[in-house]
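Trainee: Take a look at start04.cif, mmCIF, C-alpha atoms:
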data_structure
loop_
_atom_site.label_atom_id
_atom_site.label_comp_id
_atom_site.auth_asym_id
_atom_site.auth_seq_id
_atom_site.Cartn_x
_atom_site.Cartn_y
_atom_site.Cartn_z
CA MET Z 65 39.88 4.87 -19.60
CA LYS Z 66 37.58 1.88 -19.82
CA ILE Z 67 37.81 0.26 -16.41
CA LEU Z 68 36.40 -3.09 -15.28
CA ILE Z 69 36.00 -3.31 -11.52
CA VAL Z 70 35.56 -6.90 -10.38
CA SER Z 71 33.51 -6.96 -7.21
CA THR Z 72 33.22 -9.24 -4.24
CA LEU Z 73 30.36 -11.70 -4.69
CA LYS Z 74 29.78 -11.89 -0.96
CA ARG Z 75 27.56 -8.79 -0.90
CA LYS Z 76 25.95 -6.32 -3.26
CA ILE Z 77 27.45 -2.92 -3.99
CA ALA Z 78 24.95 -0.12 -3.41
CA PRO Z 79 24.67 3.37 -1.88
CA ASP Z 80 22.98 2.06 1.27
CA PHE Z 81 25.29 -0.89 1.88
CA TYR Z 82 28.27 -0.27 4.12
CA ALA Z 83 30.37 -3.38 4.65
CA SER Z 84 33.94 -2.05 4.36
CA ARG Z 85 35.01 -3.77 1.12
CA SER Z 86 31.66 -2.96 -0.48
CA ARG Z 87 31.99 0.67 0.60
CA VAL Z 88 35.42 1.09 -0.96
CA ILE Z 89 34.27 -0.49 -4.23
CA PHE Z 90 31.21 1.76 -4.40
CA GLN Z 91 33.12 4.95 -3.67
CA LEU Z 92 35.95 4.15 -6.06
CA ALA Z 93 33.69 3.15 -8.97
CA LYS Z 94 31.42 6.17 -8.49
CA GLY Z 95 34.41 8.51 -8.16
CA LEU Z 96 36.05 7.18 -11.34
CA ALA Z 97 32.79 7.55 -13.28
CA GLU Z 98 32.45 11.14 -12.06
CA ARG Z 99 35.94 11.83 -13.42
CA GLY Z 100 34.78 10.81 -16.91
CA HIS Z 101 35.96 7.21 -17.11
CA GLN Z 102 33.81 4.40 -18.53
CA VAL Z 103 33.39 2.15 -15.52
CA SER Z 104 31.72 -1.26 -15.37
CA LEU Z 105 31.23 -3.47 -12.32
CA LEU Z 106 31.26 -7.25 -12.63
CA GLY Z 107 29.36 -8.58 -9.61
CA THR Z 108 25.86 -9.13 -8.29
CA GLY Z 109 22.75 -8.23 -10.27
CA ASP Z 110 21.27 -6.20 -7.41
CA SER Z 111 24.27 -3.86 -7.26
CA TYR Z 112 23.80 -0.20 -8.17
CA ILE Z 113 26.36 2.59 -8.58
CA PRO Z 114 25.40 5.91 -10.27
CA GLY Z 115 27.11 6.21 -13.66
CA VAL Z 116 28.45 2.66 -13.57
CA LYS Z 117 27.33 -0.22 -15.80
CA ILE Z 118 26.56 -3.42 -13.86
CA ILE Z 119 27.56 -6.74 -15.45
CA PRO Z 120 25.59 -9.28 -13.40
CA LEU Z 121 27.16 -12.64 -12.64
CA ILE Z 122 24.78 -13.84 -9.91
CA GLU Z 123 21.42 -12.40 -8.88
CA LYS Z 124 22.37 -11.56 -5.29
CA GLY Z 125 25.38 -11.74 -3.00
CA TRP Z 126 26.24 -14.95 -1.19
CA VAL Z 127 24.86 -13.64 2.11
CA ASP Z 128 21.46 -12.99 0.49
CA LEU Z 129 21.09 -16.17 -1.59
CA PRO Z 130 18.84 -19.06 -0.48
CA ALA Z 131 20.53 -21.70 1.63
CA VAL Z 132 22.12 -24.69 -0.10
CA GLU Z 133 23.52 -27.96 1.23
CA ASN Z 134 27.13 -27.00 0.50
CA GLU Z 135 27.78 -23.26 0.57
CA PHE Z 136 31.51 -23.70 -0.04
CA LEU Z 137 30.91 -25.48 -3.36
CA ARG Z 138 28.50 -22.77 -4.52
CA GLN Z 139 31.00 -20.06 -3.70
CA ILE Z 140 33.80 -21.80 -5.58
CA ALA Z 141 31.51 -22.42 -8.55
CA THR Z 142 30.55 -18.73 -8.77
CA LEU Z 143 34.19 -17.66 -8.41
CA ILE Z 144 35.17 -19.88 -11.34
CA GLN Z 145 32.30 -18.42 -13.38
CA LEU Z 146 33.50 -14.94 -12.41
CA SER Z 147 37.01 -15.71 -13.65
CA GLN Z 148 35.64 -17.08 -16.92
CA LYS Z 149 33.57 -13.92 -17.37
CA ILE Z 150 36.62 -11.71 -16.88
CA VAL Z 151 38.38 -13.50 -19.74
CA GLU Z 152 35.25 -13.25 -21.89
CA VAL Z 153 34.72 -9.48 -21.53
CA GLN Z 154 38.32 -8.26 -21.19
CA GLU Z 155 38.59 -6.93 -24.74
CA ASP Z 156 36.01 -4.26 -23.91
CA PHE Z 157 38.34 -2.67 -21.33
CA ASP Z 158 41.75 -1.09 -20.87
CA ILE Z 159 42.40 -2.33 -17.34
CA ILE Z 160 40.92 -4.63 -14.68
CA HIS Z 161 40.74 -3.72 -11.00
CA ASN Z 162 40.01 -6.73 -8.81
CA HIS Z 163 38.36 -6.54 -5.37
CA VAL Z 164 37.14 -10.15 -5.23
CA TYR Z 165 36.87 -12.08 -1.98
CA PRO Z 166 39.13 -14.03 -1.72
CA ASP Z 167 41.52 -11.46 -3.17
CA PHE Z 168 43.79 -13.80 -5.10
CA PHE Z 169 41.20 -15.84 -7.01
CA PRO Z 170 41.20 -13.94 -10.36
CA SER Z 171 44.99 -14.23 -10.51
CA THR Z 172 44.50 -17.89 -11.39
CA ILE Z 173 43.56 -16.73 -14.92
CA GLU Z 174 46.26 -14.04 -15.29
CA ASP Z 175 47.91 -15.95 -18.15
CA LYS Z 176 44.67 -15.67 -20.12
CA LEU Z 177 44.51 -11.90 -19.80
CA LYS Z 178 45.58 -9.58 -22.61
CA ILE Z 179 45.12 -6.43 -20.52
CA PRO Z 180 46.67 -5.59 -17.14
CA MET Z 181 45.00 -6.47 -13.85
CA LEU Z 182 45.60 -4.98 -10.43
CA THR Z 183 44.31 -6.47 -7.19
CA THR Z 184 43.70 -4.52 -4.01
CA LEU Z 185 44.59 -6.73 -1.05
CA HIS Z 186 41.87 -6.31 1.56
CA ALA Z 187 42.58 -9.59 3.37
CA LEU Z 188 44.79 -10.08 6.40
CA TYR Z 189 48.37 -11.15 5.80
CA ASP Z 190 49.40 -14.71 6.49
CA TYR Z 191 52.31 -16.82 5.29
CA TYR Z 192 50.11 -18.78 2.86
CA MET Z 193 49.02 -15.49 1.26
CA ASP Z 194 52.65 -14.56 0.72
CA ASP Z 195 53.48 -17.97 -0.75
CA LEU Z 196 50.51 -17.94 -3.11
CA LEU Z 197 50.71 -14.34 -4.33
CA ALA Z 198 54.36 -14.88 -5.20
CA THR Z 199 53.23 -17.36 -7.87
CA PHE Z 200 51.30 -14.65 -9.75
CA PRO Z 201 53.93 -12.35 -11.27
CA LYS Z 202 51.60 -10.68 -13.78
CA THR Z 203 49.11 -9.31 -11.25
CA HIS Z 204 49.80 -5.85 -9.84
CA PHE Z 205 49.11 -6.21 -6.13
CA ILE Z 206 48.08 -3.07 -4.24
CA SER Z 207 48.57 -2.75 -0.49
CA LEU Z 208 46.40 -0.52 1.69
CA SER Z 209 49.34 0.54 3.86
CA ASN Z 210 53.14 0.50 4.03
CA THR Z 211 53.07 -1.63 7.17
CA TYR Z 212 50.97 -4.28 5.45
CA ALA Z 213 53.19 -4.27 2.34
CA LYS Z 214 56.31 -4.90 4.44
CA LEU Z 215 54.83 -8.14 5.75
CA TYR Z 216 55.22 -9.70 2.29
CA ARG Z 217 58.68 -11.18 1.79
CA LYS Z 218 58.03 -13.28 -1.32
CA ALA Z 219 55.15 -11.63 -3.16
CA LYS Z 220 55.80 -8.33 -4.91
CA ILE Z 221 53.64 -5.39 -3.88
CA TYR Z 222 53.32 -2.93 -6.75
CA LYS Z 223 52.01 0.19 -4.98
CA ILE Z 224 50.51 1.54 -1.76
CA VAL Z 225 47.06 3.16 -2.07
CA TYR Z 226 45.20 4.17 1.07
CA ASN Z 227 41.45 3.75 1.38
CA GLY Z 228 39.27 6.85 1.37
CA VAL Z 229 36.12 7.83 3.27
CA ASP Z 230 33.17 10.02 2.37
CA THR Z 231 33.96 13.17 4.33
CA ASN Z 232 30.54 14.61 3.48
CA LEU Z 233 28.73 11.61 4.93
CA TYR Z 234 31.04 11.29 7.94
CA SER Z 235 30.62 14.97 8.72
CA TYR Z 236 32.55 17.02 11.23
CA ASN Z 237 31.27 17.61 14.75
CA GLU Z 238 33.37 19.65 17.16
CA LYS Z 239 31.37 19.02 20.35
CA LYS Z 240 31.90 15.64 21.95
CA GLY Z 241 29.98 13.54 24.45
CA ASP Z 242 31.38 11.63 27.39
CA TYR Z 243 31.77 8.12 26.04
CA LEU Z 244 34.14 5.86 24.11
CA PHE Z 245 33.14 4.05 20.92
CA TRP Z 246 34.26 0.66 19.58
CA LEU Z 247 33.09 -0.65 16.20
CA ALA Z 248 34.24 -3.83 14.45
CA ARG Z 249 33.05 -7.39 13.98
CA LEU Z 250 33.23 -10.39 16.27
CA PRO Z 251 34.72 -13.19 14.14
CA LYS Z 252 34.07 -16.90 14.57
CA ALA Z 253 37.71 -18.02 14.38
CA LYS Z 254 39.02 -19.88 17.43
CA ASN Z 255 42.38 -20.55 19.01
CA LYS Z 256 43.75 -24.07 19.47
CA ASP Z 257 42.37 -24.16 23.01
CA GLY Z 258 38.85 -23.50 21.74
CA SER Z 259 38.69 -19.89 22.89
CA PHE Z 260 37.56 -17.27 20.42
CA MET Z 261 40.20 -15.24 18.66
CA ASP Z 262 39.79 -11.57 19.34
CA PRO Z 263 41.60 -9.97 16.39
CA LYS Z 264 39.64 -6.72 16.68
CA GLY Z 265 40.33 -6.40 20.42
CA ILE Z 266 36.88 -6.12 22.00
CA ARG Z 267 38.27 -7.52 25.26
CA TRP Z 268 40.75 -4.64 25.52
CA ALA Z 269 37.97 -2.08 25.08
CA ILE Z 270 35.82 -3.70 27.75
CA LYS Z 271 38.75 -3.93 30.15
CA LEU Z 272 39.59 -0.26 29.60
CA ALA Z 273 36.01 0.75 30.37
CA GLN Z 274 35.93 -1.45 33.46
CA GLU Z 275 39.16 -0.06 34.89
CA THR Z 276 38.42 3.61 34.16
CA GLY Z 277 34.66 3.70 34.73
CA GLU Z 278 34.21 5.27 31.29
CA LYS Z 279 31.03 4.79 29.33
CA LEU Z 280 31.57 2.56 26.32
CA PHE Z 281 29.30 1.98 23.33
CA ILE Z 282 29.98 -1.19 21.33
CA SER Z 283 28.52 -2.08 17.95
CA ALA Z 284 29.43 -5.17 15.96
CA PRO Z 285 28.23 -7.72 13.44
CA VAL Z 286 28.55 -11.07 15.22
CA GLU Z 287 29.71 -14.05 13.18
CA ASP Z 288 29.32 -16.48 16.08
CA ARG Z 289 26.70 -15.74 18.71
CA SER Z 290 28.57 -17.73 21.37
CA PHE Z 291 31.48 -15.24 21.13
CA PHE Z 292 29.07 -12.48 22.07
CA GLU Z 293 27.44 -14.56 24.82
CA LYS Z 294 30.78 -15.44 26.43
CA ASP Z 295 33.00 -12.40 25.90
CA VAL Z 296 30.65 -9.42 25.64
CA LYS Z 297 27.20 -9.97 27.11
CA PRO Z 298 28.36 -10.80 30.70
CA TYR Z 299 30.04 -7.38 30.93
CA LEU Z 300 27.18 -5.24 29.64
CA ASN Z 301 25.65 -2.80 32.10
CA ASP Z 302 24.60 0.83 32.28
CA LYS Z 303 28.18 1.88 31.49
CA ILE Z 304 29.10 -0.70 28.85
CA GLN Z 305 26.34 -0.93 26.25
CA PHE Z 306 25.89 -2.91 23.05
CA VAL Z 307 24.16 -0.90 20.33
CA GLY Z 308 21.93 -2.94 18.03
CA GLU Z 309 21.43 -6.70 17.88
CA PRO Z 310 24.20 -9.34 17.78
CA THR Z 311 23.37 -10.45 14.23
CA GLN Z 312 25.74 -11.56 11.45
CA GLU Z 313 25.12 -8.40 9.43
CA GLN Z 314 25.26 -4.93 11.01
CA SER Z 315 21.81 -4.24 12.52
CA VAL Z 316 22.37 -0.55 13.29
CA PRO Z 317 21.42 2.13 10.71
CA LEU Z 318 24.37 4.04 9.31
CA THR Z 319 22.92 7.32 10.59
CA THR Z 320 23.16 5.97 14.14
CA ILE Z 321 26.73 4.75 13.60
CA ILE Z 322 27.76 8.17 12.30
CA LYS Z 323 26.24 9.90 15.33
CA LEU Z 324 28.16 7.54 17.60
CA PHE Z 325 31.36 8.48 15.76
CA GLN Z 326 30.57 12.20 15.86
CA ASN Z 327 29.82 12.44 19.56
CA ALA Z 328 32.43 10.06 21.01
CA LYS Z 329 35.30 11.61 22.88
CA ALA Z 330 37.52 8.85 21.48
CA PHE Z 331 37.29 5.91 19.11
CA LEU Z 332 39.09 2.74 20.23
CA MET Z 333 41.20 0.78 17.73
CA THR Z 334 42.35 -1.89 20.17
CA ILE Z 335 43.38 -4.44 17.54
CA ASN Z 336 45.40 -7.58 18.21
CA GLN Z 337 46.09 -8.22 14.52
CA GLN Z 338 48.09 -6.52 11.77
CA GLU Z 339 45.17 -4.68 10.17
CA PRO Z 340 45.78 -3.84 6.46
CA PHE Z 341 44.14 -0.44 6.90
CA GLY Z 342 41.23 0.17 9.28
CA LEU Z 343 38.53 2.26 7.62
CA VAL Z 344 36.87 2.99 10.97
CA MET Z 345 39.83 5.14 12.02
CA ALA Z 346 39.39 7.39 9.00
CA GLU Z 347 35.63 7.54 9.60
CA ALA Z 348 36.18 8.61 13.20
CA GLY Z 349 38.72 11.24 12.19
CA SER Z 350 36.44 12.58 9.49
CA CYS Z 351 33.87 13.20 12.25
CA GLY Z 352 36.51 15.06 14.26
CA THR Z 353 36.94 12.23 16.76
CA PRO Z 354 40.42 11.22 17.97
CA VAL Z 355 41.55 7.60 17.85
CA ILE Z 356 43.31 5.62 20.56
CA GLY Z 357 44.86 2.52 19.06
CA PHE Z 358 47.62 -0.01 19.46
CA ASP Z 359 50.68 0.31 17.21
CA ARG Z 360 49.63 -2.60 15.05
CA GLY Z 361 48.92 -2.71 11.33
CA ALA Z 362 48.21 0.65 9.72
CA VAL Z 363 47.35 2.48 12.96
CA PRO Z 364 50.61 4.53 13.01
CA GLU Z 365 49.99 5.53 9.37
CA VAL Z 366 46.42 6.72 9.90
CA VAL Z 367 46.76 8.26 13.38
CA VAL Z 368 49.23 11.10 14.01
CA ASP Z 369 50.37 10.36 17.54
CA GLY Z 370 49.68 13.30 19.84
CA LYS Z 371 47.80 15.25 17.16
CA THR Z 372 44.86 13.18 15.90
CA GLY Z 373 44.93 10.61 18.69
CA PHE Z 374 47.41 8.34 20.40
CA VAL Z 375 49.34 5.32 19.13
CA VAL Z 376 49.90 3.02 22.10
CA PRO Z 377 52.70 0.42 22.17
CA TYR Z 378 51.00 -2.96 22.17
CA ALA Z 379 53.19 -4.23 25.00
CA GLN Z 380 51.72 -1.57 27.31
CA GLY Z 381 48.25 -3.11 27.05
CA VAL Z 382 45.43 -1.55 29.02
CA ASP Z 383 47.84 0.63 31.02
CA GLY Z 384 48.94 2.30 27.79
CA LEU Z 385 45.33 2.81 26.75
CA LYS Z 386 44.53 4.37 30.13
CA GLN Z 387 47.48 6.75 29.88
CA ALA Z 388 46.41 7.86 26.40
CA LEU Z 389 42.87 8.41 27.61
CA THR Z 390 44.06 10.86 30.28
CA LYS Z 391 45.50 13.04 27.50
CA ILE Z 392 42.59 12.84 25.06
CA ASN Z 393 41.46 16.42 25.76
CA GLN Z 394 44.77 17.64 24.30
CA ILE Z 395 43.60 16.57 20.82
CA ARG Z 396 41.82 19.19 18.71
CA SER Z 397 38.94 17.76 16.76
CA ILE Z 398 39.61 20.04 13.79
CA ASP Z 399 43.09 18.52 13.43
CA CYS Z 400 41.50 15.07 13.19
CA ARG Z 401 39.18 16.27 10.45
CA LYS Z 402 41.84 18.08 8.40
CA HIS Z 403 44.16 15.07 8.53
CA ILE Z 404 41.49 12.84 6.96
CA GLU Z 405 40.51 15.45 4.36
CA ASN Z 406 44.14 15.81 3.28
CA ASN Z 407 45.11 12.14 3.23
CA PHE Z 408 42.16 9.74 3.32
CA SER Z 409 39.29 11.27 1.35
CA ILE Z 410 37.49 9.56 -1.53
CA LYS Z 411 38.94 12.19 -3.88
CA LYS Z 412 42.47 11.31 -2.77
CA MET Z 413 41.86 7.57 -3.15
CA VAL Z 414 40.34 7.94 -6.64
CA GLU Z 415 43.18 10.19 -7.81
CA ASN Z 416 45.80 7.76 -6.51
CA TYR Z 417 44.21 4.77 -8.25
CA GLU Z 418 43.89 6.79 -11.44
CA LYS Z 419 47.65 7.48 -11.32
CA VAL Z 420 48.35 3.78 -10.82
CA TYR Z 421 46.16 2.80 -13.79
CA LEU Z 422 47.91 5.29 -16.07
CA GLU Z 423 51.34 4.19 -14.91
CA ILE Z 424 50.55 0.55 -15.62
CA LEU Z 425 49.04 1.33 -19.02
CA ASN Z 426 51.93 3.58 -20.01
CA LYS Z 427 54.35 0.70 -19.42
#
What is this file in structure tokens?
Mentor:
Amino acid sequence: MKILIVSTLKRKIAPDFYASRSRVIFQLAKGLAERGHQVSLLGTGDSYIPGVKIIPLIEKGWVDLPAVENEFLRQIATLIQLSQKIVEVQEDFDIIHNHVYPDFFPSTIEDKLKIPMLTTLHALYDYYMDDLLATFPKTHFISLSNTYAKLYRKAKIYKIVYNGVDTNLYSYNEKKGDYLFWLARLPKAKNKDGSFMDPKGIRWAIKLAQETGEKLFISAPVEDRSFFEKDVKPYLNDKIQFVGEPTQEQSVPLTTIIKLFQNAKAFLMTINQQEPFGLVMAEAGSCGTPVIGFDRGAVPEVVVDGKTGFVVPYAQGVDGLKQALTKINQIRSIDCRKHIENNFSIKKMVENYEKVYLEILNK
């Protein structure tokens, strides 16, 4: 097949770049090329994927471009140019796979497309997403989990395809240290009362460490420094430590992050939101590390309760997390690893997308 992957313009796609959406795009494109498909990536000029042709739209990703007076206008302008480019080059391909941020933007030109397009929904669900996606009947929307797909009442979800992780990179380690690990981002969104939203649940992780005396390592890109100053920094001590610098992009080398995954006795997925997937859970499991997470979003689909970690009812809060932690030694690290190899590897993800492409084309 001749496949056009339409990339996010927010960041480049490269082997050494590990923002979650960028990672999935890189691994999928590379995996498809290795299976003999002709794969092209429409995105930033500084992107690089072995075996994949890069069609540059802008020189660098938004986060790396020089500052302008109105960033929003520049982003919209480049998204419109991206959509125009898709229409221009479509005849060179059999199918289009969209991973743009925001997810729905290329659907605005679906009536101009002569070949099918599928869009992987990486963004969080909200009612306005449901309302908007329902107006694009020709786009094949892909959900990253069954739980996420069920949130949509108006828009039609075509298929479920789980994300995959590099099980060679996130390698298995049986021996564990004596600490908990939490990895996510600290977003800038605020509640009506002015307090910071905590969709990733850093406050739960800190509270768990405080009440149990466990050592906790935290690492996070920080979108708003004041969130870190108010909700994280005051609680840091010899037991609760922040790894890296509180910068907008992840400041910690991937090798360090992997070691933190490998040696943790548990990874904490203390989310407050309905996460579409949660790549960090698969990364932890690939390293043989069990996950303790709330029963929100895709957590019950990625974690096998009692076997690869514990799925805690959200209503139980920190008490539920504490109870799960007392049983963490019951989990065998090899079971965590095998579960990811069997269900959430890059190979599995690539094969599943390949099946979806063929099914759409055969229609």
Trainee: Evaluate the PyMOL selection byres ((chain Z and resi 396-408) around 8) on the structure here and hand back the selected residues as a list in words.
Mentor: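 Evaluating the PyMOL selection byres ((chain Z and resi 396-408) around 8) on these coordinates yields Tyr226, Asn227, Gly228, Val229, Thr231, Tyr236, Asn237, Glu238, Ala346, Gly349, Ser350, Cys351, Gly352, Thr353, Pro354, Lys371, Thr372, Gly373, Asn393, Gln394, Ile395, Ser409, Ile410, Lys412 and Met413 of chain Z.
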Trainee: List the residues matched by the PyMOL selection byres ((chain Z and resi 385) around 12) in the displayed structure as a PyMOL selection string, ordered by chain and then by residue number.
Mentor: chain Z and resi 244+268-273+275-276+330-335+355-359+373-384+386-392
Trainee: For C-alpha atoms, I'd like the residues from the last selection saved as a PDB file, in the frame of the given file.
Mentor:
ATOM      1  CA  LEU Z 244      34.140   5.860  24.110  1.00  0.00           C
ATOM      2  CA  TRP Z 268      40.750  -4.640  25.520  1.00  0.00           C
ATOM      3  CA  ALA Z 269      37.970  -2.080  25.080  1.00  0.00           C
ATOM      4  CA  ILE Z 270      35.820  -3.700  27.750  1.00  0.00           C
ATOM      5  CA  LYS Z 271      38.750  -3.930  30.150  1.00  0.00           C
ATOM      6  CA  LEU Z 272      39.590  -0.260  29.600  1.00  0.00           C
ATOM      7  CA  ALA Z 273      36.010   0.750  30.370  1.00  0.00           C
ATOM      8  CA  GLU Z 275      39.160  -0.060  34.890  1.00  0.00           C
ATOM      9  CA  THR Z 276      38.420   3.610  34.160  1.00  0.00           C
ATOM     10  CA  ALA Z 330      37.520   8.850  21.480  1.00  0.00           C
ATOM     11  CA  PHE Z 331      37.290   5.910  19.110  1.00  0.00           C
ATOM     12  CA  LEU Z 332      39.090   2.740  20.230  1.00  0.00           C
ATOM     13  CA  MET Z 333      41.200   0.780  17.730  1.00  0.00           C
ATOM     14  CA  THR Z 334      42.350  -1.890  20.170  1.00  0.00           C
ATOM     15  CA  ILE Z 335      43.380  -4.440  17.540  1.00  0.00           C
ATOM     16  CA  VAL Z 355      41.550   7.600  17.850  1.00  0.00           C
ATOM     17  CA  ILE Z 356      43.310   5.620  20.560  1.00  0.00           C
ATOM     18  CA  GLY Z 357      44.860   2.520  19.060  1.00  0.00           C
ATOM     19  CA  PHE Z 358      47.620  -0.010  19.460  1.00  0.00           C
ATOM     20  CA  ASP Z 359      50.680   0.310  17.210  1.00  0.00           C
ATOM     21  CA  GLY Z 373      44.930  10.610  18.690  1.00  0.00           C
ATOM     22  CA  PHE Z 374      47.410   8.340  20.400  1.00  0.00           C
ATOM     23  CA  VAL Z 375      49.340   5.320  19.130  1.00  0.00           C
ATOM     24  CA  VAL Z 376      49.900   3.020  22.100  1.00  0.00           C
ATOM     25  CA  PRO Z 377      52.700   0.420  22.170  1.00  0.00           C
ATOM     26  CA  TYR Z 378      51.000  -2.960  22.170  1.00  0.00           C
ATOM     27  CA  ALA Z 379      53.190  -4.230  25.000  1.00  0.00           C
ATOM     28  CA  GLN Z 380      51.720  -1.570  27.310  1.00  0.00           C
ATOM     29  CA  GLY Z 381      48.250  -3.110  27.050  1.00  0.00           C
ATOM     30  CA  VAL Z 382      45.430  -1.550  29.020  1.00  0.00           C
ATOM     31  CA  ASP Z 383      47.840   0.630  31.020  1.00  0.00           C
ATOM     32  CA  GLY Z 384      48.940   2.300  27.790  1.00  0.00           C
ATOM     33  CA  LYS Z 386      44.530   4.370  30.130  1.00  0.00           C
ATOM     34  CA  GLN Z 387      47.480   6.750  29.880  1.00  0.00           C
ATOM     35  CA  ALA Z 388      46.410   7.860  26.400  1.00  0.00           C
ATOM     36  CA  LEU Z 389      42.870   8.410  27.610  1.00  0.00           C
ATOM     37  CA  THR Z 390      44.060  10.860  30.280  1.00  0.00           C
ATOM     38  CA  LYS Z 391      45.500  13.040  27.500  1.00  0.00           C
ATOM     39  CA  ILE Z 392      42.590  12.840  25.060  1.00  0.00           C
TER      40      ILE Z 392
END
Trainee: Of the candidates Z:Asp295, Z:Phe325, Z:Asp175, Z:Ser207, which one gets nearest to Z:Lys240 if we count all atoms listed in the file?
Mentor: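 Of the candidates, the smallest distance to Z:Lys240 is held by Z:Phe325.
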Trainee: Using all atoms of stretch 410-427 of chain Z listed in the file and a margin of 8 Å per side, can you give the axis-aligned box centre and edge lengths in Å to one decimal, as lines of an AutoDock Vina configuration file?
Mentor:
center_x = 45.9
center_y = 6.4
center_z = -10.8
size_x = 32.9
size_y = 27.6
size_z = 34.5
Trainee: Mind giving me the straight-line distance from atom CA of Z:Ala78 to atom CA of Z:Phe90 in Å, one decimal?
Mentor: 6.6 Å
Trainee: Starting from the PyMOL selection byres ((chain Z and resi 84) around 10), expand the selection into actual residues of this file and give them as a ChimeraX atom specification.
Mentor: /Z:81-83,85-90,186,227,342-344
